[in-house]
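Student: Please read through the structure below; I'll follow up with questions.
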Amino acid sequence: MTAISPKAQQPSSLHLAAFLVSLVLVIVVATLGGLASADAAADYGELAQPSWAPPSYLFGPVWSALYLLMAVAAWLVWRTDPRWSNPAIIVYGVQLVLNLLWSPLFFGLGWRGLALVDILILDVAVAVTIAAFWKAHRAAAVLLLPYLGWILFATALNYAVWSLNS
């Protein structure tokens with residue numbers, strides 16, 4: 001007799017619900033970040049920028065793609081161990097909160113130095129998340145690599161804007 005894995009026994013409706021929860025979480029983070037930065041967009045354009053800063057219209061599409069990859073990655077990990085106490089899901093949640101905090105700090109409050117501290121911690125949290133995801137589901141970890149690359153770039157940009165405008 002062949003053993004059936006617990007993952008295979010889960011109904012597809014549970015997988016769909018988990019995916020929708022994962023998607024809604026990143027949409028909430030994206031929306032709140034967008035609200036925090038919407039009013040500050042004009043002010044941001046007036047700040048001194050490094051020559052390598054991308055045009056502002058690029059951020060929306062890039063973040064949309066990254067948030068989708070994040071949602072899929074978290075869902076894949078959730079499917080391997082569907083519980084809130086899953087360490088990989090916990091570190092994912094921590095980095096999601098740090099991600100959420102960055103926009104209000106940088107844009108809403110204009111606290112670019114504190115935003116830099118936040119994003120440096122976020123860099124570490126995302127690296128830890130990737131390592132945890134690697135143990136749970138390697139494809140999920142790979143899906144987070146563009147996110148890590150982008151936030152490392154954003155860290156350098158945050159530092160440059162902060163130092164140019166201090």
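Just so we're on the same page: first chain in the structure tokens is A, next is B, and so on; residues restart at 1 for each chain, and ligands are numbered from 1 in the order they show up.
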Go through range 8-163 of chain A and collect every residue that DSSP, computed from the backbone, puts in helix (DSSP H, G or I); the answer should be as a ChimeraX atom specification.
Tutor: /A:8-9,12-38,41-46,56-80,87-108,112-136,138-143,145-163
Student: Give me the residues near Ala160 in chain A as a list in words, where near means some atom within 9 Å (using only C-alpha atoms) and where sequence neighbours in that chain fewer than 5 positions away do not count.
Tutor: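 Listed by chain and then number, they are Ala48, Gln49, Pro50, Thr155 and Asn165 of chain A.
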Student: Write out as a PyMOL selection string which residues come within 12 Å of Ala53 in chain A when counting only C-alpha atoms, dropping same-chain ones fewer than 5 positions away.
Tutor: chain A and resi 44-45+47-48+58-59+153-161
Student: Write out as a VMD selection string the residues lying within 12 Å of range 78-89 of chain A, counting only C-alpha atoms and excluding same-chain residues fewer than 5 positions away.
Tutor: chain A and resid 5 to 12 14 to 22 70 to 73 94 to 96 125 to 141
Student: Go ahead and write the residues just picked, N, CA and C atoms, as a short mmCIF file (atom, residue, chain, number, x, y, z; two decimals), in the first residue's frame.
Tutor:
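Saved to part17.cif:
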data_model
loop_
_atom_site.label_atom_id
_atom_site.label_comp_id
_atom_site.auth_asym_id
_atom_site.auth_seq_id
_atom_site.Cartn_x
_atom_site.Cartn_y
_atom_site.Cartn_z
N SER A 5 0.76 11.46 1.09
CA SER A 5 1.33 12.56 1.88
C SER A 5 0.20 13.45 2.41
N PRO A 6 0.41 14.08 3.58
CA PRO A 6 -0.60 14.97 4.13
C PRO A 6 -0.94 16.11 3.17
N LYS A 7 0.07 16.58 2.43
CA LYS A 7 -0.16 17.66 1.48
C LYS A 7 -1.15 17.23 0.40
N ALA A 8 -1.04 15.99 -0.05
CA ALA A 8 -1.92 15.49 -1.10
C ALA A 8 -3.35 15.32 -0.59
N GLN A 9 -3.51 15.15 0.73
CA GLN A 9 -4.83 14.94 1.29
C GLN A 9 -5.60 16.25 1.49
N GLN A 10 -4.93 17.36 1.42
CA GLN A 10 -5.61 18.64 1.62
C GLN A 10 -6.50 18.94 0.43
N PRO A 11 -7.73 19.38 0.68
CA PRO A 11 -8.62 19.70 -0.43
C PRO A 11 -8.13 20.91 -1.22
N SER A 12 -8.43 20.92 -2.50
CA SER A 12 -7.98 22.03 -3.35
C SER A 12 -8.61 23.35 -2.91
N LEU A 14 -8.88 24.35 0.11
CA LEU A 14 -7.98 24.87 1.14
C LEU A 14 -6.77 25.55 0.49
N HIS A 15 -6.25 24.96 -0.58
CA HIS A 15 -5.13 25.57 -1.30
C HIS A 15 -5.54 26.91 -1.91
N LEU A 16 -6.73 26.95 -2.48
CA LEU A 16 -7.21 28.20 -3.07
C LEU A 16 -7.40 29.26 -2.00
N ALA A 17 -7.98 28.89 -0.88
CA ALA A 17 -8.18 29.84 0.22
C ALA A 17 -6.84 30.36 0.73
N ALA A 18 -5.86 29.49 0.86
CA ALA A 18 -4.54 29.89 1.32
C ALA A 18 -3.90 30.86 0.33
N PHE A 19 -4.06 30.59 -0.95
CA PHE A 19 -3.51 31.50 -1.96
C PHE A 19 -4.19 32.87 -1.88
N LEU A 20 -5.51 32.87 -1.72
CA LEU A 20 -6.23 34.14 -1.63
C LEU A 20 -5.82 34.93 -0.40
N VAL A 21 -5.62 34.26 0.73
CA VAL A 21 -5.14 34.94 1.93
C VAL A 21 -3.76 35.54 1.68
N SER A 22 -2.89 34.78 1.07
CA SER A 22 -1.54 35.26 0.76
C SER A 22 -1.60 36.49 -0.15
N MET A 70 5.85 37.39 -4.17
CA MET A 70 5.86 37.15 -2.73
C MET A 70 4.65 36.33 -2.31
N ALA A 71 3.49 36.69 -2.84
CA ALA A 71 2.25 35.97 -2.48
C ALA A 71 2.33 34.51 -2.91
N VAL A 72 2.82 34.27 -4.10
CA VAL A 72 2.94 32.89 -4.60
C VAL A 72 3.96 32.13 -3.76
N ALA A 73 5.08 32.76 -3.45
CA ALA A 73 6.12 32.10 -2.65
C ALA A 73 5.59 31.71 -1.27
N VAL A 94 7.19 38.81 9.46
CA VAL A 94 8.04 39.87 10.02
C VAL A 94 8.54 40.77 8.90
N GLN A 95 9.03 40.17 7.83
CA GLN A 95 9.55 41.02 6.74
C GLN A 95 8.42 41.80 6.08
N LEU A 96 7.22 41.23 6.05
CA LEU A 96 6.08 41.94 5.47
C LEU A 96 5.74 43.18 6.30
N ALA A 125 15.92 40.56 7.11
CA ALA A 125 14.71 39.74 7.28
C ALA A 125 14.35 39.00 5.99
N VAL A 126 14.52 39.64 4.85
CA VAL A 126 14.22 38.97 3.58
C VAL A 126 15.24 37.87 3.32
N ALA A 127 16.51 38.12 3.63
CA ALA A 127 17.52 37.06 3.46
C ALA A 127 17.20 35.87 4.36
N VAL A 128 16.79 36.13 5.59
CA VAL A 128 16.40 35.05 6.51
C VAL A 128 15.17 34.33 5.97
N THR A 129 14.22 35.08 5.43
CA THR A 129 13.01 34.47 4.84
C THR A 129 13.39 33.56 3.68
N ILE A 130 14.28 34.02 2.83
CA ILE A 130 14.71 33.19 1.70
C ILE A 130 15.35 31.91 2.20
N ALA A 131 16.19 32.01 3.22
CA ALA A 131 16.82 30.81 3.78
C ALA A 131 15.77 29.86 4.35
N ALA A 132 14.79 30.40 5.06
CA ALA A 132 13.73 29.56 5.62
C ALA A 132 12.87 28.95 4.52
N PHE A 133 12.58 29.74 3.49
CA PHE A 133 11.80 29.22 2.37
C PHE A 133 12.58 28.14 1.63
N TRP A 134 13.89 28.30 1.53
CA TRP A 134 14.73 27.31 0.85
C TRP A 134 14.58 25.94 1.48
N LYS A 135 14.52 25.92 2.82
CA LYS A 135 14.36 24.65 3.53
C LYS A 135 12.98 24.04 3.30
N ALA A 136 11.97 24.90 3.13
CA ALA A 136 10.59 24.43 2.98
C ALA A 136 10.22 24.13 1.53
N HIS A 137 10.63 25.01 0.62
CA HIS A 137 10.22 24.88 -0.79
C HIS A 137 11.17 25.73 -1.63
N ARG A 138 12.08 25.11 -2.31
CA ARG A 138 13.15 25.84 -3.01
C ARG A 138 12.63 26.81 -4.06
N ALA A 139 11.61 26.43 -4.79
CA ALA A 139 11.06 27.35 -5.80
C ALA A 139 10.54 28.63 -5.15
N ALA A 140 9.95 28.49 -3.96
CA ALA A 140 9.45 29.66 -3.24
C ALA A 140 10.60 30.60 -2.90
N ALA A 141 11.72 30.04 -2.47
CA ALA A 141 12.89 30.85 -2.15
C ALA A 141 13.39 31.59 -3.39
#
Student: Hey, what's within 7 Å of range 30-39 of chain A if we count only C-alpha atoms and toss same-chain stuff fewer than 3 positions away? As a list in words, please?
Tutor: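 Counting only C-alpha atoms, the residues come to Val26, Ile27, Leu100, Ser103, Pro104, Phe107 and Gly108 of chain A.
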Student: Emit the selected residues as a tab-separated table (two decimals), in the first residue's frame, including N, CA and C atoms.
Tutor:
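The new file again.tsv reads:
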chain	number	residue	atom	x	y	z
A	26	VAL	N	-0.56	40.69	0.76
A	26	VAL	CA	0.36	41.57	0.03
A	26	VAL	C	-0.39	42.75	-0.57
A	27	ILE	N	-1.64	42.56	-0.94
A	27	ILE	CA	-2.43	43.69	-1.46
A	27	ILE	C	-2.65	44.72	-0.36
A	100	LEU	N	5.95	47.04	5.18
A	100	LEU	CA	4.82	47.95	5.37
A	100	LEU	C	5.25	49.25	6.05
A	103	SER	N	7.31	52.67	3.78
A	103	SER	CA	6.68	53.77	3.05
A	103	SER	C	6.22	54.91	3.95
A	104	PRO	N	5.51	54.62	5.05
A	104	PRO	CA	5.13	55.74	5.93
A	104	PRO	C	6.33	56.47	6.52
A	107	PHE	N	8.15	58.21	3.08
A	107	PHE	CA	7.31	59.17	2.36
A	107	PHE	C	6.40	59.98	3.29
A	108	GLY	N	5.59	59.26	4.07
A	108	GLY	CA	4.59	59.93	4.88
A	108	GLY	C	5.16	60.87	5.92
Student: Distance CA of Leu23 in chain A-CA of Asp123 in chain A, one decimal place?
Tutor: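 Interatomic distance, CA of Leu23 in chain A to CA of Asp123 in chain A: 21.5 Å.
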Student: Could you pull the residues within 10 Å of Asp118 in chain A, counting only C-alpha atoms, minus those fewer than 6 positions along the same chain, as an MDAnalysis selection string?
Tutor: chainID A and resid 98:102 105:106 112 155
Student: Choose the residue, out of A:Val91, A:Ile121, A:Leu164, A:Val24, that has the smallest atom-to-atom separation from Glu46 in chain A; count only C-alpha atoms.
Tutor: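 Smallest separation from Glu46 in chain A among the options: A:Leu164.
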Student: Any idea what the distance is between CA of Asp43 in chain A and CA of Ile119 in chain A?
Tutor: 20.4 Å
